[in-house]
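Peer 1: Compact mmCIF, C-alpha atoms, file work.txt:
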# COMPACT_ATOMS: atom_id res chain seq x y z
CA MET E 1 -20.10 12.34 26.65
CA ASP E 2 -23.22 13.75 25.00
CA LEU E 3 -23.54 12.01 21.63
CA PRO E 4 -26.35 12.21 19.07
CA ASP E 5 -28.62 9.20 18.64
CA LEU E 6 -27.20 8.04 15.33
CA MET E 7 -29.94 5.56 14.46
CA GLN E 8 -32.60 8.28 14.69
CA ASP E 9 -31.19 9.61 11.42
CA PRO E 10 -33.07 8.10 8.43
CA ARG E 11 -29.81 8.09 6.47
CA ALA E 12 -28.28 5.69 8.99
CA CYS E 13 -31.26 3.34 8.78
CA GLU E 14 -31.09 3.39 4.99
CA ALA E 15 -27.35 2.66 5.07
CA VAL E 16 -27.95 -0.38 7.27
CA ARG E 17 -30.62 -1.60 4.85
CA ARG E 18 -28.28 -1.19 1.86
CA ALA E 19 -25.40 -2.93 3.63
CA LEU E 20 -27.56 -5.95 4.40
CA GLU E 21 -28.93 -5.98 0.88
CA GLU E 22 -25.36 -5.97 -0.48
CA ASP E 23 -24.32 -8.92 1.69
CA VAL E 24 -27.45 -11.04 1.87
CA GLY E 25 -28.89 -10.49 -1.61
CA PRO E 26 -31.76 -12.94 -2.26
CA GLY E 27 -30.79 -15.02 0.79
CA ASP E 28 -28.03 -16.41 3.02
CA ALA E 29 -27.53 -19.68 1.16
CA THR E 30 -25.37 -21.41 3.77
CA THR E 31 -27.63 -20.59 6.69
CA LEU E 32 -30.80 -21.44 4.76
CA ALA E 33 -29.30 -24.83 3.88
CA LEU E 34 -27.94 -25.78 7.29
CA VAL E 35 -29.61 -23.96 10.19
CA ASP E 36 -32.98 -24.74 11.75
CA PRO E 37 -35.06 -21.55 11.31
CA ASP E 38 -36.57 -22.06 14.76
CA ALA E 39 -33.24 -22.43 16.59
CA ARG E 40 -32.38 -19.64 18.99
CA ALA E 41 -29.07 -18.30 20.23
CA THR E 42 -27.55 -15.79 22.60
CA GLY E 43 -24.13 -14.18 22.57
CA ALA E 44 -22.05 -11.03 22.53
CA VAL E 45 -19.71 -8.74 20.64
CA ILE E 46 -16.31 -8.93 22.33
CA SER E 47 -13.31 -6.61 22.07
CA ARG E 48 -10.10 -8.53 21.49
CA ALA E 49 -7.91 -5.46 22.09
CA ALA E 50 -8.27 -2.17 23.94
CA CYS E 51 -10.38 0.32 21.98
CA ARG E 52 -12.70 3.31 22.16
CA VAL E 53 -16.22 2.08 21.48
CA ALA E 54 -18.40 3.36 18.64
CA GLY E 55 -21.24 1.82 16.67
CA GLY E 56 -23.02 -0.32 19.24
CA ALA E 57 -26.41 1.03 18.20
CA VAL E 58 -25.58 0.38 14.55
CA ALA E 59 -24.65 -3.25 15.20
CA ALA E 60 -27.88 -3.68 17.17
CA ALA E 61 -29.86 -2.12 14.30
CA VAL E 62 -28.33 -4.61 11.88
CA LEU E 63 -29.38 -7.54 14.08
CA ARG E 64 -32.89 -6.17 14.51
CA ALA E 65 -33.23 -5.54 10.78
CA VAL E 66 -32.77 -9.29 10.21
CA ASP E 67 -34.70 -10.37 13.31
CA PRO E 68 -37.12 -7.65 14.54
CA GLU E 69 -37.63 -9.61 17.76
CA ALA E 70 -33.91 -9.81 18.59
CA ALA E 71 -32.98 -8.46 22.03
CA CYS E 72 -29.83 -6.34 22.20
CA ALA E 73 -28.27 -4.69 25.25
CA THR E 74 -25.37 -2.25 25.36
CA VAL E 75 -22.67 -3.13 27.88
CA VAL E 76 -20.07 -0.49 26.95
CA ALA E 77 -21.60 2.67 25.52
CA ASP E 78 -20.27 4.65 22.58
CA GLY E 79 -17.54 7.03 23.68
CA ARG E 80 -16.31 4.71 26.46
CA ASP E 81 -13.11 2.68 26.53
CA ALA E 82 -13.10 -1.12 26.43
CA ALA E 83 -10.41 -3.46 27.66
CA PRO E 84 -9.24 -6.61 25.85
CA GLY E 85 -11.78 -9.37 26.28
CA GLN E 86 -14.56 -7.03 27.38
CA THR E 87 -18.15 -7.54 26.26
CA LEU E 88 -19.49 -4.54 24.32
CA LEU E 89 -22.95 -5.74 23.31
CA THR E 90 -25.12 -8.74 24.16
CA PHE E 91 -27.91 -10.18 22.05
CA SER E 92 -30.40 -13.01 21.75
CA GLY E 93 -32.71 -14.08 18.97
CA ARG E 94 -33.08 -16.49 16.07
CA ALA E 95 -29.77 -18.24 15.41
CA ALA E 96 -30.22 -18.05 11.63
CA ALA E 97 -30.77 -14.29 11.77
CA ILE E 98 -27.67 -13.78 13.93
CA LEU E 99 -25.55 -15.74 11.47
CA THR E 100 -26.88 -13.69 8.59
CA ALA E 101 -26.34 -10.36 10.36
CA GLU E 102 -22.96 -11.17 11.92
CA ARG E 103 -20.54 -9.88 9.28
CA THR E 104 -22.46 -6.70 8.47
CA ALA E 105 -22.82 -5.82 12.16
CA LEU E 106 -19.11 -6.37 12.78
CA ASN E 107 -18.10 -4.47 9.64
CA PHE E 108 -19.89 -1.37 10.92
CA MET E 109 -18.67 -1.66 14.48
CA GLN E 110 -15.04 -2.59 13.76
CA ARG E 111 -14.66 0.34 11.38
CA MET E 112 -16.30 2.76 13.77
CA CYS E 113 -14.35 1.61 16.84
CA GLY E 114 -11.12 1.88 14.85
CA ILE E 115 -11.80 5.52 13.95
CA ALA E 116 -12.86 6.37 17.51
CA THR E 117 -9.71 4.75 18.90
CA LEU E 118 -7.36 6.66 16.60
CA THR E 119 -9.21 9.91 17.31
CA ARG E 120 -8.86 9.33 21.04
CA ARG E 121 -5.08 8.96 20.65
CA PHE E 122 -4.82 12.32 18.92
CA VAL E 123 -7.08 13.95 21.52
CA GLU E 124 -4.86 12.63 24.30
CA ALA E 125 -1.73 13.85 22.51
CA VAL E 126 -2.93 17.47 22.39
CA GLN E 127 -4.81 17.53 25.70
CA PRO E 128 -2.32 19.85 27.50
CA TRP E 129 -3.09 22.63 25.00
CA GLY E 130 -6.86 22.08 24.70
CA THR E 131 -6.53 21.87 20.92
CA MET E 132 -9.51 20.59 18.95
CA ILE E 133 -9.11 17.49 16.82
CA LEU E 134 -11.18 17.85 13.63
CA ASP E 135 -12.07 15.37 10.93
CA THR E 136 -12.27 16.16 7.20
CA ARG E 137 -14.28 15.15 4.13
CA LYS E 138 -11.77 12.36 3.39
CA THR E 139 -14.33 9.72 4.23
CA THR E 140 -15.52 6.47 2.70
CA PRO E 141 -18.24 7.29 0.13
CA GLY E 142 -21.63 6.56 1.67
CA PHE E 143 -20.17 6.03 5.15
CA ARG E 144 -19.53 9.63 6.24
CA LEU E 145 -22.36 9.73 8.77
CA PHE E 146 -20.90 6.76 10.66
CA GLU E 147 -17.28 7.90 10.38
CA LYS E 148 -17.98 11.40 11.66
CA HIS E 149 -20.03 9.95 14.53
CA SER E 150 -17.01 7.78 15.38
CA VAL E 151 -14.79 10.87 15.56
CA LEU E 152 -17.20 12.32 18.13
CA CYS E 153 -16.98 9.06 20.10
CA GLY E 154 -13.20 9.48 20.18
CA GLY E 155 -13.49 12.97 21.66
CA GLY E 156 -12.88 14.83 18.40
CA ALA E 157 -15.12 17.34 16.64
CA ASN E 158 -16.71 17.40 13.21
CA HIS E 159 -15.51 19.85 10.58
CA ARG E 160 -18.00 20.69 7.83
CA PHE E 161 -20.17 17.71 6.99
CA GLY E 162 -20.19 18.46 3.28
CA LEU E 163 -19.76 21.16 0.69
CA TYR E 164 -23.00 22.83 1.78
CA ASP E 165 -22.46 23.80 5.43
CA ARG E 166 -19.31 25.97 5.34
CA VAL E 167 -17.42 28.05 2.79
CA LEU E 168 -13.84 26.74 2.62
CA MET E 169 -11.81 28.37 -0.12
CA LYS E 170 -8.64 26.59 -1.12
CA ASP E 171 -5.94 27.45 -3.63
CA ASN E 172 -7.88 26.06 -6.59
CA HIS E 173 -10.94 28.10 -5.67
CA ARG E 174 -8.78 31.22 -5.67
CA ARG E 175 -7.25 30.37 -9.05
CA LEU E 176 -10.71 29.99 -10.54
CA TRP E 177 -12.33 32.91 -8.75
CA MET E 178 -14.44 34.74 -11.32
CA GLY E 179 -12.49 37.87 -12.26
CA GLY E 180 -11.03 38.19 -8.77
CA ASP E 181 -7.51 38.94 -7.61
CA PRO E 182 -6.15 35.70 -6.09
CA ASP E 183 -3.99 37.78 -3.73
CA ARG E 184 -6.95 39.72 -2.28
CA LEU E 185 -8.34 37.08 0.00
CA ASP E 186 -10.35 39.67 1.91
CA LEU E 187 -12.35 40.35 -1.25
CA ALA E 188 -12.94 36.62 -1.71
CA VAL E 189 -14.26 36.42 1.87
CA ALA E 190 -16.62 39.33 1.14
CA ALA E 191 -17.84 37.65 -2.07
CA ALA E 192 -18.53 34.42 -0.19
CA ARG E 193 -20.48 36.26 2.52
CA ARG E 194 -22.67 37.98 -0.03
CA CYS E 195 -23.69 34.60 -1.45
CA PHE E 196 -23.95 32.69 1.85
CA PRO E 197 -24.40 35.14 4.73
CA ASN E 198 -25.38 32.41 7.20
CA LEU E 199 -22.35 30.17 6.66
CA ALA E 200 -18.98 30.35 8.39
CA VAL E 201 -16.15 31.28 6.01
CA GLU E 202 -12.71 29.65 6.11
CA VAL E 203 -9.69 30.49 3.98
CA GLU E 204 -6.68 28.28 3.30
CA VAL E 205 -3.34 30.11 3.42
CA GLU E 206 0.24 29.02 2.88
CA SER E 207 2.14 32.11 4.06
CA VAL E 208 2.05 35.03 6.48
CA ALA E 209 1.28 37.39 3.59
CA GLU E 210 -1.79 35.33 2.66
CA LEU E 211 -2.86 35.25 6.31
CA LEU E 212 -2.73 39.05 6.52
CA SER E 213 -4.79 39.32 3.33
CA ALA E 214 -7.39 36.86 4.64
CA LEU E 215 -7.68 38.51 8.06
CA ARG E 216 -8.74 41.80 6.50
CA GLY E 217 -11.93 40.03 5.42
CA ARG E 218 -12.63 38.77 8.98
CA PRO E 219 -13.21 35.06 8.23
CA GLU E 220 -14.25 32.82 11.09
CA TRP E 221 -11.43 30.36 10.36
CA VAL E 222 -8.08 30.33 8.59
CA LEU E 223 -6.55 27.01 7.56
CA LEU E 224 -2.73 26.94 7.79
CA ASP E 225 -1.79 24.49 5.07
CA ASN E 226 1.44 22.47 5.36
CA MET E 227 3.26 25.13 7.40
CA ASP E 228 6.21 24.37 9.63
CA CYS E 229 5.85 25.02 13.35
CA ALA E 230 7.76 28.30 13.24
CA GLY E 231 5.39 29.60 10.57
CA MET E 232 2.35 28.49 12.58
CA ARG E 233 3.61 30.24 15.71
CA GLU E 234 4.04 33.46 13.73
CA CYS E 235 0.51 33.12 12.36
CA VAL E 236 -0.87 32.62 15.86
CA ARG E 237 0.92 35.79 16.99
CA ILE E 238 -0.39 37.83 14.05
CA ALA E 239 -3.95 36.55 14.17
CA ALA E 240 -4.17 37.26 17.90
CA GLY E 241 -7.61 35.70 18.14
CA ARG E 242 -9.17 37.58 15.22
CA ALA E 243 -9.89 34.23 13.54
CA LYS E 244 -9.58 30.65 14.68
CA LEU E 245 -6.58 28.87 13.19
CA GLU E 246 -6.68 25.30 11.89
CA ALA E 247 -3.44 23.43 11.11
CA SER E 248 -3.57 20.81 8.39
CA GLY E 249 -1.26 18.74 6.21
CA GLY E 250 1.08 15.89 7.15
CA ILE E 251 0.27 15.92 10.87
CA THR E 252 1.07 12.53 12.35
CA LEU E 253 0.39 11.27 15.84
CA GLU E 254 4.07 11.78 16.60
CA ARG E 255 3.89 15.46 15.54
CA ALA E 256 0.51 16.32 17.03
CA ALA E 257 1.81 17.67 20.35
CA GLU E 258 4.46 19.81 18.63
CA VAL E 259 1.85 21.35 16.33
CA ALA E 260 -0.63 21.92 19.15
CA ALA E 261 2.06 23.71 21.15
CA THR E 262 2.22 26.44 18.49
CA GLY E 263 -1.10 27.74 19.80
CA VAL E 264 -3.37 26.87 16.87
CA ASP E 265 -7.00 26.23 17.76
CA ALA E 266 -7.43 22.94 15.91
CA LEU E 267 -5.73 20.18 13.97
CA SER E 268 -7.66 18.73 11.02
CA LEU E 269 -6.71 15.18 10.13
CA GLY E 270 -7.77 13.16 7.12
CA CYS E 271 -6.07 10.10 8.60
CA LEU E 272 -8.81 9.77 11.22
CA THR E 273 -11.22 8.47 8.60
CA HIS E 274 -9.09 7.35 5.66
CA SER E 275 -6.36 5.44 7.51
CA ALA E 276 -7.68 4.22 10.86
CA PRO E 277 -7.18 0.47 11.31
CA ALA E 278 -10.29 -1.53 12.16
CA ALA E 279 -10.71 -2.56 15.77
CA ASP E 280 -10.33 -6.26 16.56
CA LEU E 281 -13.81 -7.44 17.57
CA SER E 282 -15.51 -10.81 17.49
CA LEU E 283 -19.08 -12.02 17.72
CA GLU E 284 -19.31 -15.04 19.98
CA TRP E 285 -22.57 -16.86 20.63
CA GLU E 286 -24.17 -20.00 21.98
CA ALA E 287 -27.16 -22.00 20.81
CA VAL E 288 -29.98 -22.28 23.34
Produce structure tokens that represent the structure in this file.
Peer 2:
Amino acid sequence: MDLPDLMQDPRACEAVRRALEEDVGPGDATTLALVDPDARATGAVISRAACRVAGGAVAAAVLRAVDPEAACATVVADGRDAAPGQTLLTFSGRAAAILTAERTALNFMQRMCGIATLTRRFVEAVQPWGTMILDTRKTTPGFRLFEKHSVLCGGGANHRFGLYDRVLMKDNHRRLWMGGDPDRLDLAVAAARRCFPNLAVEVEVESVAELLSALRGRPEWVLLDNMDCAGMRECVRIAAGRAKLEASGGITLERAAEVAATGVDALSLGCLTHSAPAADLSLEWEAV
């Protein structure tokens, strides 16, 4: 799996700095009071349950931010599966620094592994149809970079990263469209292209009639919002490849295969990032 190097992004480094600042503040009082600053330790991050791994480089960056001389080694890479009891990451360094970094490192990695694991389950559910699993903008404020990376680790794909990299017109955009006819979605597509000729355009529709209107404008994507499977199949037949079709709204893991079987190109799922349970990881270490 070809994944981007997350910690090469300055935003990721800054997020790690802020997370440590939030937790440590002016100092780790307990560790400063009780732990010899010269003591050293070695240990590992362990998976307590099966999971898809994400965030190893982030956990290592947290440890190194507290102890620049800490040694970290990846055992299970991002995008790979881990079994219960498997070592994901090993480390050695100053014991006080490891204690200080422990919770922040695990917070990042548990959240990221949880998202990757849920994404992987959806990807497996739709595999027979080759349907893409997409994330959304329903992310934790300030944590989007890590959550979308985790979706990639799970085998999913990233939808637009923010409001700036794709035009996606929804029902409220159409209601507020300046002087436009909300039923002429082709004209809305044309208006969007005039303003942002280099961006892909996507239109949300709720009926076959709206789909036909949107297709006249030749958008790259059409989002089928909260349609039943019969309606989605009809939209797939009508679109006939003229635009990619994305199904969204109320799609659970139990329904994913049924929706994919309609022939849509992608399922977009807010639950990947707003509802994924954290993976069960632990940081276990020994003094040396």
Peer 1: Fewer than 3 positions away in the same chain doesn't count, so skip those; otherwise give me all residues within 12 Å of Glu147 of chain E, counting only C-alpha atoms, as a short mmCIF file (atom, residue, chain, number, x, y, z; two decimals) with C-alpha atoms, keeping the file's coordinate frame.
Peer 2:
data_model
loop_
_atom_site.label_atom_id
_atom_site.label_comp_id
_atom_site.auth_asym_id
_atom_site.auth_seq_id
_atom_site.Cartn_x
_atom_site.Cartn_y
_atom_site.Cartn_z
CA LEU E 6 -27.20 8.04 15.33
CA ALA E 12 -28.28 5.69 8.99
CA ALA E 54 -18.40 3.36 18.64
CA GLY E 55 -21.24 1.82 16.67
CA VAL E 58 -25.58 0.38 14.55
CA PHE E 108 -19.89 -1.37 10.92
CA MET E 109 -18.67 -1.66 14.48
CA GLN E 110 -15.04 -2.59 13.76
CA ARG E 111 -14.66 0.34 11.38
CA MET E 112 -16.30 2.76 13.77
CA CYS E 113 -14.35 1.61 16.84
CA GLY E 114 -11.12 1.88 14.85
CA ILE E 115 -11.80 5.52 13.95
CA ALA E 116 -12.86 6.37 17.51
CA THR E 117 -9.71 4.75 18.90
CA LEU E 118 -7.36 6.66 16.60
CA THR E 119 -9.21 9.91 17.31
CA ASP E 135 -12.07 15.37 10.93
CA THR E 136 -12.27 16.16 7.20
CA ARG E 137 -14.28 15.15 4.13
CA LYS E 138 -11.77 12.36 3.39
CA THR E 139 -14.33 9.72 4.23
CA THR E 140 -15.52 6.47 2.70
CA PRO E 141 -18.24 7.29 0.13
CA GLY E 142 -21.63 6.56 1.67
CA PHE E 143 -20.17 6.03 5.15
CA ARG E 144 -19.53 9.63 6.24
CA SER E 150 -17.01 7.78 15.38
CA VAL E 151 -14.79 10.87 15.56
CA LEU E 152 -17.20 12.32 18.13
CA CYS E 153 -16.98 9.06 20.10
CA GLY E 154 -13.20 9.48 20.18
CA GLY E 156 -12.88 14.83 18.40
CA ALA E 157 -15.12 17.34 16.64
CA ASN E 158 -16.71 17.40 13.21
CA PHE E 161 -20.17 17.71 6.99
CA GLY E 270 -7.77 13.16 7.12
CA CYS E 271 -6.07 10.10 8.60
CA LEU E 272 -8.81 9.77 11.22
CA THR E 273 -11.22 8.47 8.60
CA HIS E 274 -9.09 7.35 5.66
CA SER E 275 -6.36 5.44 7.51
CA ALA E 276 -7.68 4.22 10.86
CA ALA E 278 -10.29 -1.53 12.16
#
Peer 1: Between E:Ala101, E:Leu224, E:Ala279, E:Leu245, which is the closest to Val62 of chain E once you count all atoms listed in the file?
Peer 2: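 For Val62 of chain E, the nearest of the given residues is E:Ala101.
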Peer 1: Using all atoms listed in the file, what residues lie at most 7 Å away from (-17.0, -7.4, 14.2) (file coordinates), given as a PDB file with C-alpha atoms, keeping the file's coordinate frame?
Peer 2:
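File produced: out.pdb:
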ATOM      1  CA  ARG E 103     -20.540  -9.880   9.280  1.00  0.00           C
ATOM      2  CA  ALA E 105     -22.820  -5.820  12.160  1.00  0.00           C
ATOM      3  CA  LEU E 106     -19.110  -6.370  12.780  1.00  0.00           C
ATOM      4  CA  ASN E 107     -18.100  -4.470   9.640  1.00  0.00           C
ATOM      5  CA  MET E 109     -18.670  -1.660  14.480  1.00  0.00           C
ATOM      6  CA  GLN E 110     -15.040  -2.590  13.760  1.00  0.00           C
ATOM      7  CA  LEU E 281     -13.810  -7.440  17.570  1.00  0.00           C
ATOM      8  CA  SER E 282     -15.510 -10.810  17.490  1.00  0.00           C
ATOM      9  CA  LEU E 283     -19.080 -12.020  17.720  1.00  0.00           C
TER      10      LEU E 283
END
Peer 1: Atom CA of Val75 of chain E and atom CA of Val126 of chain E, how far apart in Å?
Peer 2: 29.1 Å
Peer 1: Find the residues near Leu185 of chain E: any atom within 9 Å, counting only C-alpha atoms, skip ones fewer than 6 places away on the same chain, and give them as a PyMOL selection string.
Peer 2: chain E and resi 174+203+210-217
Peer 1: Would you work out the distance separating atom CA of His149 of chain E from atom CA of Ser47 of chain E, expressed in Å to one decimal?
Peer 2: 19.4 Å
Peer 1: Show me, as a PDB file with C-alpha atoms, keeping the file's coordinate frame, the residues that have an atom within 8 Å of Ala95 of chain E when counting all atoms listed in the file, minus same-chain residues fewer than 4 positions from it.
Peer 2:
ATOM      1  CA  VAL E  35     -29.610 -23.960  10.190  1.00  0.00           C
ATOM      2  CA  PRO E  37     -35.060 -21.550  11.310  1.00  0.00           C
ATOM      3  CA  ASP E  38     -36.570 -22.060  14.760  1.00  0.00           C
ATOM      4  CA  ALA E  39     -33.240 -22.430  16.590  1.00  0.00           C
ATOM      5  CA  ARG E  40     -32.380 -19.640  18.990  1.00  0.00           C
ATOM      6  CA  ALA E  41     -29.070 -18.300  20.230  1.00  0.00           C
ATOM      7  CA  THR E  42     -27.550 -15.790  22.600  1.00  0.00           C
ATOM      8  CA  LEU E  99     -25.550 -15.740  11.470  1.00  0.00           C
ATOM      9  CA  ALA E 287     -27.160 -22.000  20.810  1.00  0.00           C
TER      10      ALA E 287
END
Peer 1: May I have the residues within 7 Å of Phe91 of chain E as an NGL selection string, using only C-alpha atoms and disregarding those fewer than 4 positions away in the same chain?
Peer 2: :E and (42-44 or 70-73)
Peer 1: So how far away is atom CA of Gly56 of chain E from atom CA of Glu102 of chain E, in Å?
Peer 2: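 Distance between the two atoms: 13.1 Å.
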Peer 1: Emit as lines of an AutoDock Vina configuration file the padded axis-aligned box for all listed atoms of segment 226-237 of chain E, 4 Å per side, with centre and edge lengths in Å to one decimal.
Peer 2:
center_x = 3.4
center_y = 29.1
center_z = 11.2
size_x = 16.6
size_y = 21.3
size_z = 19.6
Peer 1: Set the distance at 10 Å and use only C-alpha atoms: which residues neighbour Ile46 of chain E once local chain neighbours fewer than 3 positions away are removed? I'd like the list as JSON, numbers by chain.
Peer 2: {"E": [43, 49, 82, 83, 84, 85, 86, 87, 88, 89, 90, 280, 281, 282, 283, 284]}
Peer 1: Can you list every residue of segment 184-241 of chain E that has an atom at most 8 Å from segment 255-267 of chain E, with its nearest atom pair and the distance in Å to one decimal, using all atoms listed in the file, ordered by chain then number, as JSON lines?
Peer 2:
{"residue": "E:Cys229", "atom": "CA", "partner": "E:Val259", "partner_atom": "CA", "distance": 6.2}
{"residue": "E:Ala230", "atom": "CA", "partner": "E:Thr262", "partner_atom": "CA", "distance": 7.9}
{"residue": "E:Met232", "atom": "CA", "partner": "E:Thr262", "partner_atom": "CA", "distance": 6.3}
{"residue": "E:Arg233", "atom": "CA", "partner": "E:Thr262", "partner_atom": "CA", "distance": 4.9}
{"residue": "E:Val236", "atom": "CA", "partner": "E:Gly263", "partner_atom": "CA", "distance": 6.3}
Peer 1: So which one's closest to Arg160 of chain E, E:Arg120, E:Asp9, E:Cys195, E:Glu202? Using all atoms listed in the file, please.
Peer 2: E:Glu202
Peer 1: Rebuild N, CA and C atoms on segment 270-281 of chain E, as an mmCIF file, in the coordinates of the input?
Peer 2:
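Heads up, here's the output in selection.cif:
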data_model
loop_
_atom_site.group_PDB
_atom_site.id
_atom_site.type_symbol
_atom_site.label_atom_id
_atom_site.label_comp_id
_atom_site.auth_asym_id
_atom_site.auth_seq_id
_atom_site.Cartn_x
_atom_site.Cartn_y
_atom_site.Cartn_z
ATOM 1 N N GLY E 270 -7.122 14.112 8.002
ATOM 2 C CA GLY E 270 -7.770 13.160 7.120
ATOM 3 C C GLY E 270 -7.539 11.726 7.543
ATOM 4 N N CYS E 271 -6.407 11.474 8.223
ATOM 5 C CA CYS E 271 -6.070 10.100 8.600
ATOM 6 C C CYS E 271 -7.091 9.488 9.557
ATOM 7 N N LEU E 272 -7.827 10.316 10.283
ATOM 8 C CA LEU E 272 -8.810 9.770 11.220
ATOM 9 C C LEU E 272 -9.800 8.852 10.525
ATOM 10 N N THR E 273 -10.193 9.232 9.308
ATOM 11 C CA THR E 273 -11.220 8.470 8.600
ATOM 12 C C THR E 273 -10.688 7.688 7.403
ATOM 13 N N HIS E 274 -9.548 8.120 6.823
ATOM 14 C CA HIS E 274 -9.090 7.350 5.660
ATOM 15 C C HIS E 274 -8.025 6.317 5.997
ATOM 16 N N SER E 275 -7.469 6.351 7.211
ATOM 17 C CA SER E 275 -6.360 5.440 7.510
ATOM 18 C C SER E 275 -6.480 4.726 8.846
ATOM 19 N N ALA E 276 -7.557 4.882 9.567
ATOM 20 C CA ALA E 276 -7.680 4.220 10.860
ATOM 21 C C ALA E 276 -7.821 2.712 10.683
ATOM 22 N N PRO E 277 -7.020 1.919 11.398
ATOM 23 C CA PRO E 277 -7.180 0.470 11.310
ATOM 24 C C PRO E 277 -8.446 0.023 12.032
ATOM 25 N N ALA E 278 -9.086 -1.006 11.525
ATOM 26 C CA ALA E 278 -10.290 -1.530 12.160
ATOM 27 C C ALA E 278 -9.963 -2.115 13.523
ATOM 28 N N ALA E 279 -10.871 -1.941 14.461
ATOM 29 C CA ALA E 279 -10.710 -2.560 15.770
ATOM 30 C C ALA E 279 -10.896 -4.072 15.655
ATOM 31 N N ASP E 280 -10.265 -4.796 16.564
ATOM 32 C CA ASP E 280 -10.330 -6.260 16.560
ATOM 33 C C ASP E 280 -11.485 -6.702 17.463
ATOM 34 N N LEU E 281 -12.629 -6.997 16.842
ATOM 35 C CA LEU E 281 -13.810 -7.440 17.570
ATOM 36 C C LEU E 281 -14.231 -8.822 17.088
#
